[in-house]
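Structure data follow from coords-v8.tsv (TSV, C-alpha atoms):
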```
chain	number	residue	atom	x	y	z
A	1	MET	CA	-5.58	38.50	-2.20
A	2	ALA	CA	-2.54	40.30	-3.62
A	3	ASN	CA	-0.38	38.98	-0.77
A	4	ASP	CA	-1.62	35.51	-1.44
A	5	LEU	CA	-0.77	35.87	-5.11
A	6	ASN	CA	2.70	37.16	-4.26
A	7	ALA	CA	3.34	34.31	-1.84
A	8	ARG	CA	2.27	31.76	-4.43
A	9	HIS	CA	4.48	33.40	-7.04
A	10	THR	CA	7.50	33.39	-4.70
A	11	GLU	CA	6.92	29.74	-3.88
A	12	LYS	CA	6.60	28.85	-7.55
A	13	MET	CA	9.83	30.64	-8.44
A	14	ARG	CA	11.59	28.94	-5.52
A	15	LYS	CA	10.51	25.56	-6.84
A	16	ILE	CA	11.74	26.31	-10.35
A	17	LYS	CA	15.06	27.47	-8.95
A	18	ALA	CA	15.39	24.34	-6.77
A	19	ALA	CA	14.63	22.07	-9.75
A	20	ARG	CA	17.20	23.94	-11.84
A	21	ASP	CA	19.81	23.75	-9.07
A	22	ARG	CA	19.28	19.99	-8.67
A	23	MET	CA	19.74	19.55	-12.38
A	24	MET	CA	22.89	21.69	-12.38
A	25	GLU	CA	24.47	19.73	-9.50
A	26	SER	CA	24.86	16.68	-11.67
A	27	LYS	CA	26.59	18.63	-14.44
A	28	THR	CA	30.24	18.70	-15.15
A	29	GLU	CA	31.45	20.69	-18.09
A	30	GLU	CA	28.95	20.18	-20.84
A	31	LYS	CA	25.20	20.16	-20.88
A	32	GLY	CA	22.36	21.14	-23.13
A	33	LEU	CA	21.43	24.72	-22.36
A	34	ILE	CA	18.11	26.48	-22.00
A	35	ILE	CA	18.82	29.75	-23.78
A	36	VAL	CA	16.53	32.80	-23.80
A	37	HIS	CA	16.79	35.88	-26.03
A	38	THR	CA	14.43	38.63	-24.90
A	39	GLY	CA	14.08	42.40	-24.55
A	40	PRO	CA	12.77	45.17	-26.81
A	41	GLY	CA	15.91	45.42	-28.98
A	42	LYS	CA	16.74	43.78	-32.26
A	43	GLY	CA	18.74	40.61	-32.71
A	44	LYS	CA	16.70	38.12	-30.66
A	45	SER	CA	15.72	35.94	-33.61
A	46	SER	CA	18.65	36.77	-35.85
A	47	SER	CA	21.22	35.71	-33.24
A	48	ALA	CA	19.28	32.49	-32.70
A	49	PHE	CA	19.42	31.90	-36.45
A	50	GLY	CA	23.13	32.69	-36.24
A	51	MET	CA	23.39	29.79	-33.77
A	52	ILE	CA	21.51	27.57	-36.23
A	53	MET	CA	24.14	28.50	-38.83
A	54	ARG	CA	26.85	27.42	-36.38
A	55	CYS	CA	25.09	24.11	-35.77
A	56	ILE	CA	24.86	23.51	-39.51
A	57	ALA	CA	28.55	24.40	-39.88
A	58	HIS	CA	29.48	21.88	-37.17
A	59	GLY	CA	27.23	19.14	-38.55
A	60	MET	CA	24.87	19.25	-35.56
A	61	PRO	CA	21.34	18.30	-36.66
A	62	CYS	CA	18.92	21.02	-35.57
A	63	ALA	CA	15.29	22.13	-35.81
A	64	VAL	CA	13.38	25.40	-35.86
A	65	VAL	CA	9.76	25.94	-34.86
A	66	GLN	CA	8.49	29.43	-35.67
A	67	PHE	CA	5.62	30.59	-33.46
A	68	ILE	CA	4.42	33.33	-35.76
A	69	LYS	CA	1.07	34.58	-36.84
A	70	GLY	CA	0.30	33.75	-40.44
A	71	ASP	CA	2.95	32.61	-42.80
A	72	ARG	CA	4.94	35.67	-43.88
A	73	PRO	CA	8.05	34.89	-45.87
A	74	THR	CA	11.32	35.35	-44.01
A	75	GLY	CA	14.85	35.14	-45.30
A	76	GLU	CA	15.69	32.49	-42.72
A	77	LYS	CA	12.84	30.24	-43.77
A	78	THR	CA	13.70	30.55	-47.45
A	79	LEU	CA	17.37	29.82	-46.88
A	80	LEU	CA	16.88	26.94	-44.46
A	81	ARG	CA	14.19	25.25	-46.53
A	82	GLU	CA	15.91	25.70	-49.88
A	83	ARG	CA	19.52	25.11	-48.90
A	84	PHE	CA	19.60	23.23	-45.60
A	85	ALA	CA	16.54	21.00	-45.57
A	86	LYS	CA	18.80	18.04	-44.70
A	87	GLU	CA	20.67	19.77	-41.88
A	88	CYS	CA	17.82	21.68	-40.26
A	89	ARG	CA	14.15	20.81	-39.94
A	90	PHE	CA	11.93	23.86	-40.27
A	91	PHE	CA	8.37	24.18	-38.98
A	92	VAL	CA	5.91	27.07	-38.82
A	93	SER	CA	3.37	26.62	-36.03
A	94	GLY	CA	0.28	27.59	-38.02
A	95	GLU	CA	1.25	26.08	-41.34
A	96	GLY	CA	-0.79	23.33	-42.93
A	97	PHE	CA	-3.88	24.11	-40.87
A	98	THR	CA	-7.39	24.49	-42.22
A	99	TRP	CA	-8.75	27.51	-40.43
A	100	GLU	CA	-12.42	27.42	-39.54
A	101	THR	CA	-12.18	29.25	-36.24
A	102	GLN	CA	-12.08	32.82	-34.96
A	103	ASP	CA	-8.78	34.65	-34.80
A	104	ARG	CA	-7.97	34.02	-31.16
A	105	GLU	CA	-8.95	30.35	-31.31
A	106	ARG	CA	-6.86	30.08	-34.42
A	107	ASP	CA	-3.84	31.61	-32.72
A	108	ILE	CA	-4.22	29.28	-29.75
A	109	ALA	CA	-4.53	26.23	-32.01
A	110	ALA	CA	-1.43	27.30	-33.96
A	111	ALA	CA	0.58	27.83	-30.77
A	112	GLN	CA	-0.50	24.46	-29.36
A	113	ASN	CA	0.39	22.80	-32.64
A	114	GLY	CA	3.81	24.48	-32.54
A	115	TRP	CA	4.41	23.29	-28.99
A	116	ARG	CA	3.44	19.73	-29.94
A	117	ILE	CA	6.01	19.81	-32.77
A	118	ALA	CA	8.55	21.45	-30.45
A	119	LYS	CA	8.29	18.62	-27.90
A	120	GLU	CA	8.70	15.99	-30.61
A	121	GLN	CA	11.82	17.69	-31.94
A	122	ILE	CA	13.34	18.23	-28.49
A	123	LEU	CA	12.74	14.58	-27.58
A	124	ASP	CA	14.17	13.31	-30.88
A	125	PRO	CA	17.61	11.88	-30.00
A	126	GLU	CA	18.97	12.93	-33.40
A	127	ILE	CA	18.35	16.62	-32.86
A	128	GLN	CA	20.92	18.56	-30.82
A	129	PHE	CA	19.63	22.12	-30.98
A	130	VAL	CA	16.02	23.34	-31.18
A	131	LEU	CA	15.06	26.95	-31.79
A	132	LEU	CA	11.57	27.98	-30.62
A	133	ASP	CA	11.37	31.31	-32.42
A	134	GLU	CA	8.98	33.91	-30.94
A	135	ILE	CA	7.52	31.39	-28.50
A	136	ASN	CA	7.61	34.12	-25.82
A	137	ILE	CA	4.80	35.91	-27.68
A	138	ALA	CA	2.62	32.79	-27.48
A	139	LEU	CA	3.49	32.42	-23.77
A	140	ARG	CA	2.83	36.11	-23.10
A	141	ASN	CA	-0.64	35.82	-24.66
A	142	ASP	CA	-1.33	32.64	-22.67
A	143	TYR	CA	-1.79	30.62	-25.84
A	144	LEU	CA	0.59	28.19	-24.13
A	145	ALA	CA	0.87	27.47	-20.40
A	146	ILE	CA	4.22	28.66	-19.04
A	147	ASP	CA	4.17	25.96	-16.32
A	148	GLU	CA	3.89	23.21	-18.90
A	149	VAL	CA	6.74	24.61	-20.99
A	150	VAL	CA	9.10	25.14	-18.01
A	151	GLU	CA	8.23	21.73	-16.59
A	152	PHE	CA	9.05	20.07	-19.89
A	153	LEU	CA	12.33	21.95	-20.36
A	154	LEU	CA	13.55	21.14	-16.84
A	155	HIS	CA	12.38	17.55	-16.58
A	156	GLU	CA	11.87	16.03	-20.02
A	157	LYS	CA	14.40	17.74	-22.28
A	158	PRO	CA	17.26	15.32	-23.02
A	159	GLU	CA	20.34	16.35	-21.06
A	160	MET	CA	22.58	17.32	-23.98
A	161	THR	CA	19.98	19.06	-26.16
A	162	HIS	CA	20.13	22.86	-26.42
A	163	VAL	CA	16.85	24.76	-26.67
A	164	CYS	CA	16.76	28.46	-27.55
A	165	LEU	CA	13.55	30.44	-26.91
A	166	THR	CA	13.12	33.92	-28.37
A	167	GLY	CA	10.72	36.85	-28.20
A	168	ARG	CA	10.22	39.94	-26.09
A	169	ASN	CA	8.65	39.86	-22.61
A	170	ALA	CA	9.99	36.45	-21.58
A	171	LYS	CA	8.06	35.22	-18.54
A	172	PRO	CA	9.95	35.34	-15.20
A	173	GLU	CA	9.42	31.57	-14.78
A	174	LEU	CA	11.29	30.94	-18.03
A	175	ILE	CA	14.15	33.29	-17.06
A	176	GLU	CA	14.42	31.49	-13.73
A	177	ALA	CA	14.63	28.11	-15.46
A	178	ALA	CA	17.11	29.21	-18.14
A	179	ASP	CA	20.90	28.81	-18.15
A	180	LEU	CA	21.76	31.66	-20.50
A	181	VAL	CA	19.61	34.76	-20.83
A	182	THR	CA	20.40	37.72	-23.05
A	183	GLU	CA	18.37	40.89	-23.13
A	184	MET	CA	18.50	42.95	-26.29
A	185	THR	CA	18.10	46.65	-25.57
A	186	LEU	CA	17.42	49.29	-28.18
A	187	LEU	CA	19.73	52.26	-27.94
A	188	LYS	CA	18.74	53.81	-31.28
A	189	HIS	CA	16.34	52.86	-34.05
A	190	PRO	CA	16.04	54.20	-37.61
A	191	PHE	CA	12.22	53.88	-37.70
A	192	ARG	CA	12.19	56.99	-35.50
A	193	ASP	CA	13.76	58.84	-38.39
A	194	GLY	CA	11.15	57.58	-40.87
A	195	ILE	CA	13.19	54.74	-42.33
A	196	LYS	CA	11.11	51.66	-43.04
A	197	ALA	CA	11.98	48.01	-42.38
A	198	GLN	CA	14.44	46.82	-44.97
A	199	ILE	CA	15.27	43.51	-46.59
A	200	GLY	CA	18.41	41.92	-45.19
A	201	VAL	CA	18.24	43.99	-42.00
A	202	GLU	CA	14.80	43.15	-40.63
A	203	MET	CA	13.45	40.43	-42.90
B	1	MET	CA	43.10	70.49	-18.92
B	2	ALA	CA	40.16	68.21	-18.13
B	3	ASN	CA	37.72	70.98	-19.00
B	4	ASP	CA	39.48	71.51	-22.26
B	5	LEU	CA	39.25	67.80	-23.05
B	6	ASN	CA	35.54	67.77	-22.20
B	7	ALA	CA	34.87	70.79	-24.36
B	8	ARG	CA	36.70	69.22	-27.27
B	9	HIS	CA	34.78	65.97	-26.81
B	10	THR	CA	31.43	67.81	-26.73
B	11	GLU	CA	32.33	69.74	-29.87
B	12	LYS	CA	33.39	66.54	-31.64
B	13	MET	CA	30.16	64.76	-30.75
B	14	ARG	CA	28.17	67.81	-31.88
B	15	LYS	CA	29.91	67.69	-35.25
B	16	ILE	CA	29.22	63.97	-35.71
B	17	LYS	CA	25.56	64.53	-34.85
B	18	ALA	CA	25.30	67.47	-37.28
B	19	ALA	CA	26.86	65.40	-40.07
B	20	ARG	CA	24.48	62.56	-39.37
B	21	ASP	CA	21.48	64.91	-39.27
B	22	ARG	CA	22.45	66.47	-42.60
B	23	MET	CA	22.72	63.02	-44.14
B	24	MET	CA	19.34	61.97	-42.71
B	25	GLU	CA	17.57	65.05	-44.06
B	26	SER	CA	17.99	63.85	-47.61
B	27	LYS	CA	16.56	60.42	-46.86
B	28	THR	CA	13.09	59.24	-47.63
B	29	GLU	CA	12.18	55.70	-46.81
B	30	GLU	CA	15.18	53.57	-47.57
B	31	LYS	CA	18.83	54.05	-46.90
B	32	GLY	CA	21.85	52.01	-46.06
B	33	LEU	CA	22.14	51.81	-42.30
B	34	ILE	CA	25.06	52.05	-39.92
B	35	ILE	CA	24.23	49.29	-37.46
B	36	VAL	CA	26.05	48.67	-34.17
B	37	HIS	CA	25.78	45.60	-31.91
B	38	THR	CA	27.48	46.17	-28.59
B	39	GLY	CA	27.23	45.38	-24.87
B	40	PRO	CA	28.55	42.61	-22.63
B	41	GLY	CA	25.86	40.07	-23.58
B	42	LYS	CA	25.88	37.35	-26.19
B	43	GLY	CA	24.44	37.62	-29.68
B	44	LYS	CA	26.39	40.56	-31.08
B	45	SER	CA	28.19	38.58	-33.76
B	46	SER	CA	25.63	35.82	-34.13
B	47	SER	CA	22.79	38.25	-34.89
B	48	ALA	CA	25.03	39.99	-37.42
B	49	PHE	CA	25.65	36.61	-39.04
B	50	GLY	CA	21.89	36.06	-38.92
B	51	MET	CA	21.59	39.23	-41.03
B	52	ILE	CA	24.17	37.83	-43.44
B	53	MET	CA	21.96	34.74	-43.77
B	54	ARG	CA	19.02	37.00	-44.61
B	55	CYS	CA	21.08	38.82	-47.25
B	56	ILE	CA	22.07	35.50	-48.80
B	57	ALA	CA	18.42	34.38	-48.76
B	58	HIS	CA	17.38	37.57	-50.54
B	59	GLY	CA	20.19	37.41	-53.10
B	60	MET	CA	21.94	40.52	-51.73
B	61	PRO	CA	25.72	40.25	-52.27
B	62	CYS	CA	27.48	40.78	-48.95
B	63	ALA	CA	30.90	40.70	-47.31
B	64	VAL	CA	32.34	39.94	-43.87
B	65	VAL	CA	35.61	41.22	-42.42
B	66	GLN	CA	36.51	39.57	-39.11
B	67	PHE	CA	38.74	41.70	-36.87
B	68	ILE	CA	39.94	38.87	-34.69
B	69	LYS	CA	43.24	37.92	-33.19
B	70	GLY	CA	44.76	34.89	-34.83
B	71	ASP	CA	42.76	32.64	-37.03
B	72	ARG	CA	40.59	30.46	-34.82
B	73	PRO	CA	38.04	28.39	-36.69
B	74	THR	CA	34.44	29.56	-36.36
B	75	GLY	CA	31.27	27.91	-37.57
B	76	GLU	CA	30.33	31.01	-39.51
B	77	LYS	CA	33.62	31.09	-41.38
B	78	THR	CA	33.42	27.42	-42.26
B	79	LEU	CA	29.85	27.66	-43.49
B	80	LEU	CA	30.28	30.89	-45.44
B	81	ARG	CA	33.51	29.81	-47.09
B	82	GLU	CA	32.40	26.28	-47.91
B	83	ARG	CA	28.81	26.88	-48.89
B	84	PHE	CA	28.34	30.54	-49.77
B	85	ALA	CA	31.62	31.67	-51.30
B	86	LYS	CA	29.69	33.07	-54.25
B	87	GLU	CA	27.12	34.97	-52.20
B	88	CYS	CA	29.33	36.29	-49.40
B	89	ARG	CA	32.98	37.34	-49.46
B	90	PHE	CA	34.76	36.43	-46.26
B	91	PHE	CA	37.96	38.02	-44.95
B	92	VAL	CA	39.92	37.65	-41.73
B	93	SER	CA	41.94	40.76	-40.90
B	94	GLY	CA	45.18	39.03	-39.96
B	95	GLU	CA	45.05	36.20	-42.46
B	96	GLY	CA	47.72	35.80	-45.09
B	97	PHE	CA	50.23	37.94	-43.22
B	98	THR	CA	53.84	37.03	-42.56
B	99	TRP	CA	54.43	38.01	-38.97
B	100	GLU	CA	57.83	39.40	-38.13
B	101	THR	CA	56.74	41.93	-35.54
B	102	GLN	CA	55.90	42.07	-31.85
B	103	ASP	CA	52.41	41.21	-30.70
B	104	ARG	CA	51.04	44.73	-30.47
B	105	GLU	CA	52.53	45.80	-33.79
B	106	ARG	CA	51.12	42.66	-35.30
B	107	ASP	CA	47.65	43.40	-33.97
B	108	ILE	CA	47.81	46.94	-35.28
B	109	ALA	CA	48.95	45.76	-38.71
B	110	ALA	CA	46.14	43.18	-38.82
B	111	ALA	CA	43.52	45.75	-37.81
B	112	GLN	CA	44.79	48.23	-40.41
B	113	ASN	CA	44.74	45.51	-43.03
B	114	GLY	CA	41.17	44.64	-42.04
B	115	TRP	CA	40.11	48.27	-42.33
B	116	ARG	CA	41.71	48.58	-45.77
B	117	ILE	CA	39.72	45.53	-46.94
B	118	ALA	CA	36.59	46.88	-45.23
B	119	LYS	CA	36.78	50.16	-47.14
B	120	GLU	CA	37.24	48.34	-50.44
B	121	GLN	CA	34.20	46.16	-49.78
B	122	ILE	CA	32.02	49.05	-48.62
B	123	LEU	CA	32.94	51.08	-51.70
B	124	ASP	CA	32.33	48.15	-54.05
B	125	PRO	CA	29.02	48.95	-55.79
B	126	GLU	CA	28.18	45.24	-56.00
B	127	ILE	CA	28.16	44.73	-52.26
B	128	GLN	CA	25.02	45.72	-50.34
B	129	PHE	CA	25.82	44.68	-46.78
B	130	VAL	CA	29.19	44.61	-45.02
B	131	LEU	CA	29.76	43.08	-41.60
B	132	LEU	CA	32.78	44.35	-39.66
B	133	ASP	CA	32.85	41.68	-36.99
B	134	GLU	CA	34.56	42.62	-33.69
B	135	ILE	CA	35.87	45.89	-35.13
B	136	ASN	CA	34.91	47.58	-31.83
B	137	ILE	CA	37.74	45.68	-30.14
B	138	ALA	CA	40.26	47.11	-32.62
B	139	LEU	CA	38.79	50.59	-32.11
B	140	ARG	CA	38.80	50.22	-28.33
B	141	ASN	CA	42.48	49.30	-28.38
B	142	ASP	CA	43.23	52.22	-30.70
B	143	TYR	CA	44.53	49.89	-33.40
B	144	LEU	CA	42.27	51.92	-35.66
B	145	ALA	CA	41.41	55.61	-35.37
B	146	ILE	CA	37.73	56.09	-34.48
B	147	ASP	CA	37.67	59.46	-36.27
B	148	GLU	CA	38.77	57.90	-39.53
B	149	VAL	CA	36.19	55.11	-39.31
B	150	VAL	CA	33.29	57.44	-38.43
B	151	GLU	CA	34.35	59.93	-41.10
B	152	PHE	CA	34.38	57.19	-43.73
B	153	LEU	CA	31.00	55.75	-42.69
B	154	LEU	CA	29.29	59.14	-42.71
B	155	HIS	CA	30.88	60.62	-45.81
B	156	GLU	CA	32.21	57.90	-48.10
B	157	LYS	CA	29.94	54.91	-47.58
B	158	PRO	CA	27.61	54.55	-50.59
B	159	GLU	CA	24.11	55.68	-49.66
B	160	MET	CA	22.35	52.32	-49.94
B	161	THR	CA	25.03	50.10	-48.42
B	162	HIS	CA	24.39	48.70	-44.93
B	163	VAL	CA	27.37	48.33	-42.60
B	164	CYS	CA	27.12	46.41	-39.33
B	165	LEU	CA	29.85	46.86	-36.69
B	166	THR	CA	30.03	44.49	-33.73
B	167	GLY	CA	31.94	44.10	-30.48
B	168	ARG	CA	31.63	45.22	-26.89
B	169	ASN	CA	32.52	48.74	-25.73
B	170	ALA	CA	31.50	50.56	-28.91
B	171	LYS	CA	32.99	54.05	-28.88
B	172	PRO	CA	30.53	56.92	-28.21
B	173	GLU	CA	31.50	58.51	-31.53
B	174	LEU	CA	30.35	55.38	-33.37
B	175	ILE	CA	27.08	55.21	-31.42
B	176	GLU	CA	26.46	58.87	-32.26
B	177	ALA	CA	27.03	58.21	-35.95
B	178	ALA	CA	24.95	55.01	-36.12
B	179	ASP	CA	21.33	54.61	-37.19
B	180	LEU	CA	20.54	51.42	-35.32
B	181	VAL	CA	22.24	50.47	-32.08
B	182	THR	CA	21.45	47.38	-30.04
B	183	GLU	CA	23.02	46.61	-26.70
B	184	MET	CA	23.18	42.99	-25.66
B	185	THR	CA	22.94	42.61	-21.88
B	186	LEU	CA	23.74	39.47	-19.99
B	187	LEU	CA	21.04	38.47	-17.54
B	188	LYS	CA	22.40	35.00	-16.83
B	189	HIS	CA	25.39	33.00	-18.04
B	190	PRO	CA	26.18	29.28	-17.67
B	191	PHE	CA	29.94	29.85	-17.32
B	192	ARG	CA	29.16	31.01	-13.79
B	193	ASP	CA	27.95	27.50	-13.13
B	194	GLY	CA	31.13	25.93	-14.53
B	195	ILE	CA	29.78	25.09	-17.95
B	196	LYS	CA	32.33	25.61	-20.69
B	197	ALA	CA	31.86	27.22	-24.11
B	198	GLN	CA	30.10	24.78	-26.38
B	199	ILE	CA	30.02	24.13	-30.09
B	200	GLY	CA	26.89	25.47	-31.78
B	201	VAL	CA	26.20	27.87	-28.93
B	202	GLU	CA	29.39	29.90	-28.72
B	203	MET	CA	31.49	28.80	-31.67
```

Structure translated into structure tokens:
Amino acid sequence: MANDLNARHTEKMRKIKAARDRMMESKTEEKGLIIVHTGPGKGKSSSAFGMIMRCIAHGMPCAVVQFIKGDRPTGEKTLLRERFAKECRFFVSGEGFTWETQDRERDIAAAQNGWRIAKEQILDPEIQFVLLDEINIALRNDYLAIDEVVEFLLHEKPEMTHVCLTGRNAKPELIEAADLVTEMTLLKHPFRDGIKAQIGVEM
Amino acid sequence: MANDLNARHTEKMRKIKAARDRMMESKTEEKGLIIVHTGPGKGKSSSAFGMIMRCIAHGMPCAVVQFIKGDRPTGEKTLLRERFAKECRFFVSGEGFTWETQDRERDIAAAQNGWRIAKEQILDPEIQFVLLDEINIALRNDYLAIDEVVEFLLHEKPEMTHVCLTGRNAKPELIEAADLVTEMTLLKHPFRDGIKAQIGVEM
């Protein structure tokens, strides 16, 4: 059983790699990248939002879909919605829903809704950079199927569109499919010394 | 000789740790953090600029000093200078200089100028967050003395001011003094496949 599972996994990873290699062969110098920020350290989302700032600075239309539970206020959301609504479209996966389900069903529905919006934005020829913030959490919890996401990124994403996916525990299939993967590692954290999360640093 | 050097290094690190511990003892829940982003991966500067975005969103006055060679245009600089000049002060270490020196002297003068500005901004009671972008490069090249920088951060930085220092190869003394250290590790990079640096992603 375990051997069978391993063999199937190896075969699946080989296929993803082959699809990625085929895609790369046709590339010259520029292409839209599949970018992944993962690992237990800080900076996964904030560096992705730093990229959004760069897009805005360069006049590249961009979009953000936040795959987060609930609708907590974040500095990024405030700033992008209040100051850059024209330059950057901003979506929260669970926003605008009427919730009549249990928690897990609700989380799945929110993630699926986020992915639906994500595909629309990625396919939109106007949009050049799409940030799928914390989507790795939804993938990790199997609220979204990793195969469907990887398939879409490799085969349906427009060639020049960049997509950045963040969140810890990125699935191996996503890392295999990606062009640029950064792992954030925590060397030292102030929470250990009793310092709480602070505005501007964490929020 | 080598033993002597090792002993001196150990003693120095012990002193930095003791100074940091003393400072931490007086803290309760909130304090200004010494934050370091280092490592060979991407996202060191962009996540720091993501924090700057958060500060702006929360109405926290902030400042950036870029310790970079020359004056290449960056998306962050454009955006911060054109759109957020009121919320965020932006300095480039070598800007506004008349250069009549050799390259190395010039780099040292620029770094020293950057550090002078950095100290002013950190000491300014109005400013709550200061980003010293790529200062680790200047420290690594000994354009700035690590002892002086660490000394200042531990003993002269106002208690509630956050300072974020970025750049690869952070010195051990700085890591010892810091509260929050993240290492960015490269798992995969498109340059290996012949893809060049691209606007929005790297610039």

Residues of chain A within 6 Å of chain B, counting only C-alpha atoms, as a VMD selection string: chain A and resid 29 to 30 41 43 46 to 47 49 to 51 54 to 55 57 75 to 76 79 179 to 190 195 to 196 200 to 201

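Using all atoms listed in the file, every residue with an atom at most 12 Å from the point (-5.6, 29.1, -28.2) is listed here: Gly94, Thr101, Gln102, Asp103, Arg104, Glu105, Arg106, Asp107, Ile108, Ala109, Ala110, Ala111, Gln112, Asn113, Gly114, Trp115, Ala138, Leu139, Asn141, Asp142, Tyr143, Leu144 and Ala145 of chain A.
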
Interatomic distance (Å, one decimal) between CA of Glu95 in chain A and CA of Arg116 in chain A: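 Separating CA of Glu95 in chain A from CA of Arg116 in chain A is a distance of 13.2 Å.
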
Protein, DNA and RNA residues within 7 Å of (27.6, 36.1, -50.7), all atoms listed in the file, as a count of residues only: 10

Computed interatomic separation between CA of Leu165 in chain B and CA of Phe90 in chain B (Å): 15.0 Å

As lines of an AutoDock Vina configuration file, please report the centre and edge lengths, rounded to one decimal in Å, of the axis-aligned box that holds all listed atoms of range 161-165 of chain B with 4 Å of padding on each of the six sides.
```
center_x = 27.1
center_y = 48.3
center_z = -42.6
size_x = 13.5
size_y = 11.7
size_z = 19.7
```

CA of Ala170 in chain A to CA of Glu126 in chain A, straight-line distance in Å: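 Atom-to-atom, CA of Glu126 in chain A and CA of Ala170 in chain A are spaced 27.8 Å apart.
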